[in-house]
Structures are given as structure tokens and as C-alpha cells.
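Structure file upload-v2.txt (compact mmCIF, C-alpha atoms) is printed below.
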# COMPACT_ATOMS: atom_id res chain seq x y z
CA MET A 1 9.86 -19.33 -6.19
CA ARG A 2 6.57 -17.79 -5.12
CA PHE A 3 4.32 -19.30 -2.53
CA GLN A 4 0.81 -18.46 -1.46
CA ALA A 5 0.45 -18.72 2.31
CA GLU A 6 -2.83 -18.99 4.17
CA VAL A 7 -2.59 -18.22 7.86
CA ILE A 8 -5.30 -18.87 10.43
CA VAL A 9 -4.96 -17.15 13.77
CA SER A 10 -7.22 -18.45 16.55
CA LEU A 11 -7.76 -17.51 20.16
CA LYS A 12 -6.24 -20.03 22.57
CA LYS A 13 -8.60 -22.37 24.35
CA GLY A 14 -9.84 -20.78 27.52
CA VAL A 15 -9.45 -17.22 26.24
CA LEU A 16 -12.82 -15.54 26.37
CA ASP A 17 -14.21 -14.70 22.91
CA PRO A 18 -16.98 -12.15 23.41
CA GLN A 19 -17.50 -11.83 19.65
CA GLY A 20 -18.01 -15.60 19.36
CA SER A 21 -20.44 -15.56 22.30
CA ALA A 22 -22.44 -12.70 20.78
CA VAL A 23 -22.78 -14.49 17.44
CA GLU A 24 -23.63 -17.75 19.21
CA GLY A 25 -26.42 -15.88 20.99
CA ALA A 26 -27.69 -14.59 17.64
CA ILE A 27 -27.61 -18.10 16.17
CA LYS A 28 -29.67 -19.39 19.09
CA SER A 29 -32.12 -16.51 18.77
CA LEU A 30 -32.68 -17.52 15.14
CA GLY A 31 -33.97 -20.81 16.48
CA TYR A 32 -31.08 -23.12 15.56
CA GLU A 33 -30.40 -25.85 18.05
CA GLY A 34 -27.26 -27.88 18.61
CA VAL A 35 -24.88 -25.08 17.60
CA GLY A 36 -22.21 -24.00 20.06
CA GLN A 37 -18.58 -23.12 20.73
CA VAL A 38 -18.54 -20.31 18.16
CA ARG A 39 -15.02 -18.87 18.09
CA PHE A 40 -13.66 -16.08 15.93
CA GLY A 41 -10.21 -15.97 14.38
CA LYS A 42 -8.41 -14.31 11.52
CA HIS A 43 -7.71 -15.60 8.03
CA ILE A 44 -4.69 -13.91 6.45
CA THR A 45 -3.32 -14.62 2.97
CA LEU A 46 0.05 -13.52 1.69
CA VAL A 47 2.47 -14.29 -1.12
CA VAL A 48 6.13 -14.86 -0.23
CA GLU A 49 9.24 -15.30 -2.35
CA ALA A 50 11.60 -17.98 -1.10
CA GLY A 51 14.23 -20.39 -2.43
CA SER A 52 12.35 -23.50 -1.33
CA ARG A 53 9.17 -24.65 0.33
CA GLU A 54 11.05 -25.13 3.61
CA ALA A 55 12.37 -21.57 3.44
CA ALA A 56 8.86 -20.25 2.71
CA GLU A 57 7.44 -22.17 5.67
CA ALA A 58 10.18 -20.87 7.95
CA LEU A 59 9.51 -17.31 6.81
CA VAL A 60 5.75 -17.58 7.35
CA ALA A 61 6.24 -19.18 10.78
CA ASP A 62 8.51 -16.29 11.72
CA LEU A 63 5.91 -13.75 10.58
CA CYS A 64 3.20 -15.57 12.53
CA LYS A 65 5.26 -15.50 15.71
CA ARG A 66 6.51 -11.93 15.40
CA ILE A 67 3.53 -9.99 14.12
CA LEU A 68 0.53 -11.91 12.80
CA SER A 69 -0.37 -13.47 16.16
CA ASN A 70 0.04 -12.50 19.79
CA PRO A 71 1.36 -15.58 21.59
CA VAL A 72 -0.20 -14.42 24.87
CA MET A 73 -3.70 -15.20 23.65
CA GLU A 74 -3.51 -16.62 20.13
CA THR A 75 -2.25 -19.65 18.22
CA PHE A 76 -1.70 -20.00 14.48
CA THR A 77 -1.66 -22.58 11.71
CA PHE A 78 -0.76 -22.06 8.06
CA THR A 79 -0.42 -23.76 4.70
CA VAL A 80 2.00 -22.87 1.92
CA THR A 81 1.32 -23.59 -1.78
CA GLU A 82 3.66 -22.88 -4.68
CA VAL A 83 2.18 -20.50 -7.25
CA ALA A 84 3.32 -19.56 -10.74
CA MET B 1 11.47 17.61 34.30
CA ARG B 2 10.99 16.99 30.60
CA PHE B 3 8.40 14.47 29.42
CA GLY B 4 8.30 13.04 25.92
CA VAL B 5 4.77 12.33 24.62
CA THR B 6 4.71 9.82 21.76
CA VAL B 7 2.71 10.40 18.58
CA PHE B 8 1.97 7.56 16.14
CA PRO B 9 -0.36 7.87 13.16
CA GLY B 10 -3.75 7.51 14.84
CA THR B 11 -2.70 8.69 18.31
CA ASN B 12 -5.35 11.14 19.51
CA CYS B 13 -4.63 11.87 23.19
CA GLU B 14 -1.24 13.51 22.75
CA MET B 15 -2.57 17.07 23.09
CA ASP B 16 -4.47 16.30 26.29
CA THR B 17 -1.39 14.58 27.70
CA PHE B 18 0.85 17.47 26.66
CA TYR B 19 -1.59 19.94 28.24
CA ALA B 20 -1.74 17.96 31.48
CA ILE B 21 2.02 18.06 31.83
CA ARG B 22 2.53 21.70 30.85
CA GLU B 23 -0.56 23.34 32.30
CA ALA B 24 -1.77 21.08 35.10
CA ILE B 25 1.57 20.23 36.70
CA GLY B 26 3.82 22.89 35.17
CA GLU B 27 6.55 20.67 33.74
CA GLN B 28 8.15 20.56 30.28
CA ALA B 29 6.85 18.39 27.46
CA ASP B 30 7.62 17.68 23.82
CA TYR B 31 5.92 15.51 21.25
CA VAL B 32 8.03 12.52 20.19
CA TRP B 33 7.36 11.36 16.62
CA HIS B 34 7.10 7.64 15.91
CA GLN B 35 10.17 7.89 13.66
CA ASP B 36 12.34 9.48 16.37
CA ARG B 37 15.17 7.42 17.79
CA ASP B 38 16.76 9.83 20.25
CA LEU B 39 15.15 10.10 23.69
CA SER B 40 18.21 11.46 25.45
CA HIS B 41 16.53 14.79 26.38
CA TYR B 42 13.76 13.15 28.35
CA ASP B 43 13.30 12.23 31.99
CA ALA B 44 10.17 10.21 31.28
CA ILE B 45 8.15 8.97 28.32
CA LEU B 46 4.37 8.93 28.13
CA ILE B 47 2.85 6.75 25.41
CA ALA B 48 -0.38 8.60 24.72
CA GLY B 49 -3.68 6.95 23.90
CA GLY B 50 -5.60 6.70 20.65
CA PHE B 51 -5.82 4.23 17.81
CA SER B 52 -2.27 3.87 16.51
CA TYR B 53 -2.27 2.60 12.92
CA GLY B 54 -6.05 2.29 13.12
CA ASP B 55 -5.68 -0.56 15.63
CA TYR B 56 -5.32 -2.83 12.59
CA LEU B 57 -4.35 -6.47 13.22
CA ARG B 58 -4.45 -6.00 17.02
CA THR B 59 -4.39 -2.87 19.18
CA GLY B 60 -0.79 -1.68 19.45
CA ALA B 61 0.51 -4.48 17.22
CA ILE B 62 1.83 -2.25 14.44
CA ALA B 63 3.00 0.66 16.60
CA ARG B 64 5.28 -1.78 18.34
CA PHE B 65 7.48 -1.94 15.23
CA ALA B 66 7.92 1.85 14.84
CA PRO B 67 11.51 3.10 15.30
CA VAL B 68 10.61 5.01 18.47
CA MET B 69 9.76 1.71 20.18
CA ASP B 70 13.37 0.51 19.94
CA ALA B 71 14.41 3.77 21.57
CA ILE B 72 11.75 3.31 24.29
CA ALA B 73 12.90 -0.26 24.97
CA GLU B 74 16.46 1.04 25.36
CA PHE B 75 15.29 3.95 27.54
CA ALA B 76 13.37 1.49 29.74
CA ALA B 77 16.30 -0.93 29.93
CA LYS B 78 18.39 1.92 31.36
CA GLY B 79 15.75 2.51 34.05
CA GLY B 80 13.88 5.41 32.42
CA LEU B 81 10.25 5.91 33.45
CA VAL B 82 7.71 4.91 30.80
CA LEU B 83 3.94 5.16 31.29
CA GLY B 84 1.58 3.82 28.62
CA ILE B 85 -1.97 5.14 28.77
CA CYS B 86 -4.80 3.17 27.10
CA ASN B 87 -3.44 2.47 23.59
CA GLY B 88 -0.02 3.08 25.18
CA PHE B 89 -0.69 0.17 27.55
CA GLN B 90 -1.72 -1.99 24.59
CA ILE B 91 1.49 -1.04 22.74
CA LEU B 92 3.65 -1.90 25.77
CA THR B 93 2.11 -5.38 26.07
CA GLU B 94 2.54 -6.00 22.34
CA ALA B 95 6.17 -4.87 22.62
CA GLY B 96 6.72 -7.32 25.48
CA LEU B 97 7.68 -4.49 27.86
CA LEU B 98 4.70 -5.45 30.02
CA PRO B 99 3.22 -8.95 30.45
CA GLY B 100 -0.24 -10.04 29.28
CA ALA B 101 -2.52 -8.63 26.60
CA LEU B 102 -5.60 -6.41 26.22
CA GLN B 103 -8.60 -8.09 24.65
CA ARG B 104 -11.98 -6.91 23.41
CA ASN B 105 -14.19 -5.76 26.29
CA ALA B 106 -16.15 -8.75 27.59
CA HIS B 107 -19.54 -7.21 26.71
CA LEU B 108 -18.26 -5.95 23.31
CA LYS B 109 -19.21 -2.36 24.19
CA PHE B 110 -16.92 0.61 23.79
CA ARG B 111 -16.76 2.16 27.25
CA CYS B 112 -16.38 5.88 27.77
CA SER B 113 -17.14 6.60 31.41
CA TRP B 114 -15.80 7.53 34.81
CA VAL B 115 -14.43 4.63 36.83
CA HIS B 116 -12.94 4.21 40.28
CA LEU B 117 -9.51 2.70 40.74
CA ARG B 118 -8.06 1.27 43.92
CA VAL B 119 -4.34 1.88 44.33
CA GLU B 120 -2.92 -1.60 44.95
CA ASN B 121 0.75 -0.64 45.12
CA ALA B 122 1.63 2.87 46.32
CA ASP B 123 5.34 2.17 46.39
CA THR B 124 6.16 2.83 42.72
CA PRO B 125 7.40 5.87 40.79
CA PHE B 126 3.89 6.25 39.35
CA THR B 127 1.85 5.98 42.55
CA GLY B 128 4.28 7.18 45.25
CA GLY B 129 2.03 10.17 45.99
CA CYS B 130 -1.00 7.95 46.71
CA ARG B 131 -2.01 6.12 49.85
CA PRO B 132 -2.26 2.33 49.59
CA GLY B 133 -5.91 1.54 48.95
CA GLN B 134 -6.71 5.10 47.90
CA VAL B 135 -9.60 5.33 45.44
CA LEU B 136 -8.99 7.48 42.36
CA ARG B 137 -11.69 8.70 39.99
CA ILE B 138 -10.41 8.69 36.41
CA PRO B 139 -12.22 8.08 33.10
CA VAL B 140 -11.80 5.17 30.69
CA ASN B 141 -12.36 5.31 26.95
CA HIS B 142 -11.72 2.02 25.19
CA GLY B 143 -13.16 -0.96 23.35
CA GLU B 144 -10.29 -3.33 24.13
CA GLY B 145 -9.22 -2.95 27.72
CA ASN B 146 -9.99 -6.41 28.99
CA TYR B 147 -6.73 -7.48 30.60
CA PHE B 148 -5.72 -11.07 30.00
CA ALA B 149 -2.72 -13.09 31.16
CA ASP B 150 -2.10 -16.81 31.65
CA PRO B 151 -2.44 -18.14 35.22
CA ASP B 152 1.34 -18.23 35.84
CA THR B 153 1.77 -14.61 34.75
CA LEU B 154 -1.20 -13.55 36.85
CA ARG B 155 0.24 -15.28 39.92
CA GLU B 156 3.59 -13.62 39.33
CA LEU B 157 1.96 -10.19 38.98
CA ASN B 158 0.23 -10.67 42.31
CA GLU B 159 3.28 -12.08 44.09
CA ASN B 160 5.54 -9.24 42.90
CA ASN B 161 3.01 -6.49 43.66
CA GLN B 162 2.93 -5.57 39.99
CA ILE B 163 -0.76 -4.71 39.96
CA LEU B 164 -1.00 -0.94 40.25
CA PHE B 165 -4.77 -0.41 40.05
CA ARG B 166 -7.95 -2.45 40.13
CA TYR B 167 -11.39 -1.23 39.08
CA CYS B 168 -13.51 -0.79 42.20
CA THR B 169 -16.64 0.86 43.55
CA ALA B 170 -16.57 4.41 44.94
CA ASP B 171 -15.94 2.81 48.34
CA GLY B 172 -12.94 0.86 47.10
CA GLU B 173 -14.62 -2.52 46.83
CA VAL B 174 -13.35 -4.66 43.96
CA THR B 175 -16.48 -6.21 42.44
CA PRO B 176 -17.13 -7.61 38.95
CA GLU B 177 -19.75 -4.88 38.38
CA ALA B 178 -17.14 -2.16 39.02
CA SER B 179 -15.11 -3.29 36.02
CA PRO B 180 -15.91 -1.56 32.72
CA ASN B 181 -14.45 -4.32 30.56
CA GLY B 182 -14.26 -7.74 32.25
CA SER B 183 -10.51 -7.58 33.02
CA LEU B 184 -9.03 -10.51 34.91
CA GLU B 185 -9.14 -9.71 38.63
CA ASN B 186 -10.37 -6.20 37.75
CA ILE B 187 -6.86 -5.22 36.65
CA ALA B 188 -6.74 -1.63 35.36
CA GLY B 189 -2.98 -1.04 35.41
CA ILE B 190 0.25 -2.93 35.97
CA ILE B 191 3.97 -2.28 36.33
CA ASN B 192 6.95 -4.30 35.14
CA LYS B 193 9.13 -6.27 37.54
CA ALA B 194 11.90 -3.65 37.45
CA GLY B 195 9.37 -1.01 38.54
CA ASN B 196 9.95 1.60 35.83
CA VAL B 197 7.47 0.72 33.06
CA ALA B 198 3.74 0.96 33.75
CA GLY B 199 0.56 0.71 31.72
CA MET B 200 -3.02 1.61 32.54
CA MET B 201 -6.28 1.69 30.58
CA PRO B 202 -7.82 4.75 32.37
CA HIS B 203 -6.76 8.24 31.21
CA PRO B 204 -5.11 10.26 34.02
CA GLU B 205 -4.51 13.16 31.59
CA ARG B 206 -8.29 13.61 31.33
CA ALA B 207 -8.63 14.06 35.06
CA CYS B 208 -5.99 16.64 35.89
CA GLU B 209 -8.09 19.66 36.83
CA PRO B 210 -11.21 19.97 38.99
CA ILE B 211 -13.07 21.61 36.08
CA LEU B 212 -12.79 18.29 34.23
CA GLY B 213 -14.61 16.50 37.03
CA SER B 214 -11.59 15.17 38.85
CA ALA B 215 -7.95 16.05 39.45
CA ASP B 216 -6.98 12.55 40.59
CA GLY B 217 -4.97 11.92 37.41
CA ARG B 218 -2.41 14.39 38.70
CA TYR B 219 -1.30 11.85 41.29
CA LEU B 220 0.31 9.84 38.50
CA LEU B 221 2.21 12.75 37.00
CA THR B 222 3.26 14.38 40.26
CA SER B 223 4.38 11.00 41.64
CA MET B 224 6.63 10.62 38.60
CA VAL B 225 8.05 14.13 39.05
CA ASN B 226 8.66 13.58 42.76
CA PHE B 227 10.35 10.28 42.06
CA LEU B 228 12.60 11.81 39.41
CA THR B 229 13.41 14.83 41.58
CA GLY B 230 14.26 12.59 44.52
CA ARG B 231 16.38 10.36 42.36
CA ALA B 232 18.20 13.31 40.84
CA SER B 233 19.08 14.68 44.27
CA HIS B 234 20.51 11.33 45.31
CA VAL B 235 22.83 11.00 42.31

Mind turning the file's structure into C-alpha cells?
Amino acid sequence: MRFQAEVIVSLKKGVLDPQGSAVEGAIKSLGYEGVGQVRFGKHITLVVEAGSREAAEALVADLCKRILSNPVMETFTFTVTEVA
Amino acid sequence: MRFGVTVFPGTNCEMDTFYAIREAIGEQADYVWHQDRDLSHYDAILIAGGFSYGDYLRTGAIARFAPVMDAIAEFAAKGGLVLGICNGFQILTEAGLLPGALQRNAHLKFRCSWVHLRVENADTPFTGGCRPGQVLRIPVNHGEGNYFADPDTLRELNENNQILFRYCTADGEVTPEASPNGSLENIAGIINKAGNVAGMMPHPERACEPILGSADGRYLLTSMVNFLTGRASHV
């Protein structure tokens, strides 16, 4: 079975995000009000082959922990959808 | 002494590092390819700076999985000296051989400039030739050198004297303005608990001869040689 996985990697709360701050500054300089807490992350898609949905989720979780995120400063979430 | 200087695709400081060892301090050096697995000829390993694998995903994140990194982890576990410079520091944190992580510089600017470093621990194989509190002048060249660690790790680093260098003024004062990147507590370099694996963002190999503007980087290399020579004579 083939599964499409969508992974989102985010900076942990409290970890400084200079890129987010810079873009937030730009948003403010455009004149928008009431916009804040801009944080950047990564959106990663991949297709995995696995025997079951559970196996696909376990595989993606393993990839997230071992390479796609750095647990020192990042967290991750993902979804897995079966594809033809 | 024979130093191994690692080369990954995208490493770009290996020749300067090689030169510093051979010409500035007169020791032996070889390049170590990222596919190599045998480090048995070496007394110490230098992980040279650059942009391994284009710094894709995160700095050092992909280099960490190269075969040579297993060999370096084994070399370090046996007590071998490993120094990661700039991208080498980033690789060592990704590999879990040093705690913490290097983030984007707080102001988002790539910094290529001279900085001053205060020697916080002069009782290590990498700083044994320095005086405690000595101020070294060595350049930095990075976009992601902003050291980050969680509060527990930071406390542990301080308690175990694992902070090697902090960014400081020319007079040795540690101020926020003296830091080129916004690092926590102005941290510029750290050492592992066992005391044989170190990482630093500044480039000692670029400050090994007076003609380059400073020879302070030699302290790192000569300290390593003196440590290894002393250890050899005690075996």
C-alpha cells in the first residue's frame, strides 16, 4: 500500500524565530494591524510504501524523529493518506 | 601527530584547515572523505567548515548520516580528539556528539568578521595552551551560529565547565553587542562532558599566521598537539 504523508515541522515554543520576526515586521510596515506571532516551519511531503496505515505512521514518525526534525528545537506533526 | 580533516560534498574550509596543520604548526594532515570508515591512522579529527550537502534541511543534518560519522562517533567513544569548526560544530550537534543546536543568526545576517573570544575553560585538550580568561581574536563566517539549548542543558554546560569560549569585547567583557549571532549566553564553543569532543563557530584555521591578521587560532591546534604528545609519553 502507498501512503502520502504530509509532515509539518515547527520551532518549539520559546525558540526564537528571527525569520518569523522579520516577516512580522514587514506585515506591520504594510499597515496591517492585529497580526502577530508569525512563526516559520517546514512542510514536507513524501510517499511511503507500507503494509498498513499503522506501519506507515510508524515509519513516518521514525523519519520525523531521526532526520526531518531536530528534537532540540523543533516539533513535528503529520498526516498519512492512502493513495492509489 | 596526524590530523584527519573531513571533506563532505559542500565542505569548503578543508584546504585552509589542512594548510594550518601542515604549514602553520608543522604537523601531518590528510583529507578524510565522507565515505571513509577507517580513522585508525589519526591522532585527531578536524571536521572542517563549509556547507555540507548545501545545508539542506538543517545545517549539518545530512552530513550526520555519512559513513565517516559512524567512524567519528566510534573514534570519539574511544577518547579520540574531535574538533568541529563552524559547519563541523553544526554536524556534531546534529549527530548528538555535542548538546544543543545552532540556529539562524538572531538578526538574520550572514556574519563574516573578526570576533573576540574569552577562554572560559583552559583545562581541556583544545585550550590547554591558553590562560583562563584569555581573549583570542579569530574570525567567524556563518549564517547559522546562534547557539541554542534548553535551560537544563544550559545549566549542565555551565556546571560542568563545558563552555569553552564566549563572544566578548576586546577587553574580555561578555556583552550582548559582542556576539555576532545572538547565541545563548554568548556561547561560541563547547566541549562534551568527557572532554574530548569540541565544537566552535569561529575559524581558528583562518587565524594561524600573523599575516592573516591574527595567529590566535594556533592555540587550538598546538594545545591539541601538546595534549596528545603528553598523553603519548604517559602511556

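Taking atom CA of Ser40 of chain B and atom CA of Met1 of chain B as the two end points, the separation is 12.7 Å.
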
Selection near Ile45 of chain B, 10 Å with all atoms listed in the file, sequence-local residues under 6 positions removed, as a VMD selection string:
chain B and resid 2 to 6 29 to 32 39 72 75 to 76 80 to 84 197

Distance limit 10 Å, atoms considered: all atoms listed in the file. Which chain B residues sit that close to chain A? Return them as a ChimeraX atom specification.
/B:57-58,61-62,64-65,93-94,96,99-108,146,148-150,182

Within 8 Å of segment 3-12 of chain A, counting all atoms listed in the file, which residues qualify if same-chain residues fewer than 4 places away don't, as a PDB file with C-alpha atoms, in the frame of the given file?
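Everything below was put into around22.pdb:
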ATOM      1  CA  ASP A  17     -14.210 -14.700  22.910  1.00  0.00           C
ATOM      2  CA  ARG A  39     -15.020 -18.870  18.090  1.00  0.00           C
ATOM      3  CA  PHE A  40     -13.660 -16.080  15.930  1.00  0.00           C
ATOM      4  CA  GLY A  41     -10.210 -15.970  14.380  1.00  0.00           C
ATOM      5  CA  LYS A  42      -8.410 -14.310  11.520  1.00  0.00           C
ATOM      6  CA  HIS A  43      -7.710 -15.600   8.030  1.00  0.00           C
ATOM      7  CA  ILE A  44      -4.690 -13.910   6.450  1.00  0.00           C
ATOM      8  CA  THR A  45      -3.320 -14.620   2.970  1.00  0.00           C
ATOM      9  CA  LEU A  46       0.050 -13.520   1.690  1.00  0.00           C
ATOM     10  CA  VAL A  47       2.470 -14.290  -1.120  1.00  0.00           C
ATOM     11  CA  VAL A  48       6.130 -14.860  -0.230  1.00  0.00           C
ATOM     12  CA  GLU A  49       9.240 -15.300  -2.350  1.00  0.00           C
ATOM     13  CA  ALA A  50      11.600 -17.980  -1.100  1.00  0.00           C
ATOM     14  CA  ARG A  53       9.170 -24.650   0.330  1.00  0.00           C
ATOM     15  CA  ALA A  56       8.860 -20.250   2.710  1.00  0.00           C
ATOM     16  CA  VAL A  60       5.750 -17.580   7.350  1.00  0.00           C
ATOM     17  CA  CYS A  64       3.200 -15.570  12.530  1.00  0.00           C
ATOM     18  CA  LEU A  68       0.530 -11.910  12.800  1.00  0.00           C
ATOM     19  CA  SER A  69      -0.370 -13.470  16.160  1.00  0.00           C
ATOM     20  CA  MET A  73      -3.700 -15.200  23.650  1.00  0.00           C
ATOM     21  CA  GLU A  74      -3.510 -16.620  20.130  1.00  0.00           C
ATOM     22  CA  THR A  75      -2.250 -19.650  18.220  1.00  0.00           C
ATOM     23  CA  PHE A  76      -1.700 -20.000  14.480  1.00  0.00           C
ATOM     24  CA  THR A  77      -1.660 -22.580  11.710  1.00  0.00           C
ATOM     25  CA  PHE A  78      -0.760 -22.060   8.060  1.00  0.00           C
ATOM     26  CA  THR A  79      -0.420 -23.760   4.700  1.00  0.00           C
ATOM     27  CA  VAL A  80       2.000 -22.870   1.920  1.00  0.00           C
ATOM     28  CA  THR A  81       1.320 -23.590  -1.780  1.00  0.00           C
ATOM     29  CA  GLU A  82       3.660 -22.880  -4.680  1.00  0.00           C
ATOM     30  CA  VAL A  83       2.180 -20.500  -7.250  1.00  0.00           C
TER      31      VAL A  83
END

Quick one, how far is atom CA of Ala207 of chain B from atom CA of Asp43 of chain B?
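Interatomic distance here is 22.2 Å.
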
Protein and nucleic acid residues near (-0.4, 1.5, 30.0) (cut-off 7 Å, only C-alpha atoms) as a ChimeraX atom specification:
/B:83-86,88-90,92,189,198-201

Please, could you write that set of residues out with C-alpha atoms as an mmCIF file, in the coordinates of the input?
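Printed below is part-v8.cif as written:
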data_model
loop_
_atom_site.group_PDB
_atom_site.id
_atom_site.type_symbol
_atom_site.label_atom_id
_atom_site.label_comp_id
_atom_site.auth_asym_id
_atom_site.auth_seq_id
_atom_site.Cartn_x
_atom_site.Cartn_y
_atom_site.Cartn_z
ATOM 1 C CA LEU B 83 3.940 5.160 31.290
ATOM 2 C CA GLY B 84 1.580 3.820 28.620
ATOM 3 C CA ILE B 85 -1.970 5.140 28.770
ATOM 4 C CA CYS B 86 -4.800 3.170 27.100
ATOM 5 C CA GLY B 88 -0.020 3.080 25.180
ATOM 6 C CA PHE B 89 -0.690 0.170 27.550
ATOM 7 C CA GLN B 90 -1.720 -1.990 24.590
ATOM 8 C CA LEU B 92 3.650 -1.900 25.770
ATOM 9 C CA GLY B 189 -2.980 -1.040 35.410
ATOM 10 C CA ALA B 198 3.740 0.960 33.750
ATOM 11 C CA GLY B 199 0.560 0.710 31.720
ATOM 12 C CA MET B 200 -3.020 1.610 32.540
ATOM 13 C CA MET B 201 -6.280 1.690 30.580
#

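In this structure, atom CA of Cys208 of chain B sits 6.3 Å away from atom CA of Ala20 of chain B.
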
Taking 6 positions as the minimum chain separation for residues in the same chain, which residues sit within 10 Å of Asp216 of chain B when counting all atoms listed in the file? Answer as a PyMOL selection string.
chain B and resi 130+135-138+204-210

Residues near Leu220 of chain B, cut-off 9 Å, only C-alpha atoms, skip fewer than 5 positions along chain, as a ChimeraX atom specification:
/B:125-130,204,225

As a ChimeraX atom specification, please: the residues near Phe51 of chain B (cut-off 10 Å, all atoms listed in the file, same-chain neighbours under 6 positions excluded).
/B:8-13,59-60,63,86-88,142
